[in-house]
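> Quick one: the structure is below, questions incoming.
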Amino acid sequence: MATLYIIGTPIGNLEDITLRALRVLKEVDLVLCEDTRVTKRLLSKYEIDTPTMSYHAQSKLAKVDKILELLTEGKNIALVSDAGTPCISDPGVLLVSQVREKFGDDVSIVPIPGPSALITALSAAGISVAEFTFLGFLPHKKGRETLFKEIAESTRVMAFYESTHRIEKALESLEKFCGADRHVIVARELTKIYEEFVRGTVAEVRAHYAKNPDRVRGEFVVIVQGRI
Ligand code: SAM
């Protein structure tokens, strides 16, 4: 029986990979990568020379069909994304659902846990996250205002992903909808050289970035405390 492995990979520090992930990446017939150049850096660090093939957000159904064909032939395949856990704001959902639909229990889908920016950020946030809501990336236009209103009203912790280009805009919207006093934690460049946690009210965090424009750079997880 063929197996599709869903493998979590590092979000910055290449040492953040499990022994099991490395073994499976070595043993499978093919590694599906969001960007083969990114994954090859990881594979070459661990002297893994398994063939790779691209599978990304723009991949068409024809690519999925090709992968289904390989599984039918009994090939074992690993799916990774550029960073973190596939299918979490990353490609993979279509493939996993198609494999389940076509093969049912005849192909095993095996998750191999690894890092995710969300959990990494929450783990060191220093607030109670027994319950939280994850919003992924916020919509740029349609539905954006509604979502910010939801964040403003929520008594639960809310977390979302943000990019360099939009972090200041997101903080501005948080101030507009939640007020300048709402507490937030912004986790930047996790596991990398310039890892940084900025904590405080929205106004304080905005002031921090206004004072340090060189830090408005990299990848961000934003954690918003619930309304009191
Ligand atoms: N699948 C990934 C995961 O499990 O975390 C998420 C991929 S998503 C395309 C990329 C977003 O995740 C970035 O824009 C950022 O919001 C967040 N992210 C990824 N790596 C990060 C890091 N090292 N530090 C902070 N945020 C990160």
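Residue numbering restarts at 1 for every chain of the structure tokens, chains are lettered A, B, ... in their displayed order, and ligands are numbered from 1 as they appear.
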Could I get the residue neighbourhood of ligand 1 at 7 Å, counting only C-alpha atoms and all ligand atoms, as a count of residues only?
27
> Which residues, written as a list in words, have at least one atom at most 12 Å from Ala207 of chain A, with only C-alpha atoms counted and residues fewer than 6 positions away on the same chain left out?
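These residues fall inside the cut-off: Glu168, Leu171, Glu172, Glu175, Ala180, Val198, Arg199, Gly200, Thr201, Pro213, Arg215 and Val216 of chain A.
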> Which residue, A:Gly92, A:Gly179, A:Gly218, A:Gly8, has the smallest gap to Tyr194 of chain A when you use only C-alpha atoms?
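Checking each candidate against Tyr194 of chain A, we get A:Gly218 as the closest.
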> For the strand (DSSP E or B) assignment from backbone DSSP, which residues of segment 19-192 of chain A qualify? Please present them as a PyMOL selection string.
chain A and resi 30-33+52-54+77-79+84+108-112+132-137+157-163+183-188
> Near Glu47 of chain A, counting only C-alpha atoms, which residues have an atom at most 10 Å away, once you skip same-chain residues fewer than 6 positions from it, shown as a PyMOL selection string?
chain A and resi 22+26+40-41
> Near Arg144 of chain A, counting only C-alpha atoms, which residues have an atom at most 12 Å away, once you skip same-chain residues fewer than 5 positions from it, shown as a list in words?
Leu135, Phe137, Leu138, Pro139, Lys149, Glu150, Ile151, Lys169, Ala170, Ser173, Leu174 and Phe177 of chain A
> Go through segment 51-144 of chain A residue by residue and, counting only C-alpha atoms, keep those with an atom at most 9 Å from segment 13-21 of chain A; for each kept residue give the shortest atom pair and its distance in Å to one decimal, ordered by chain and increasing number, as a tab-separated table.

```
residue	atom	partner	partner_atom	distance
A:Ile112	CA	A:Ala21	CA	6.4
A:Pro113	CA	A:Thr18	CA	8.1
A:Gly114	CA	A:Ile17	CA	6.4
A:Pro115	CA	A:Asp16	CA	7.2
```
> Limited to C-alpha atoms, could you put the picked residues into a file as a JSON list (two decimals), in the first residue's frame?

```json
[["chain", "number", "residue", "atom", "x", "y", "z"],
["A", 112, "ILE", "CA", 4.72, 13.68, 10.55],
["A", 113, "PRO", "CA", 4.47, 16.59, 12.97],
["A", 114, "GLY", "CA", 6.97, 19.40, 12.93],
["A", 115, "PRO", "CA", 7.07, 23.15, 13.47]]
```
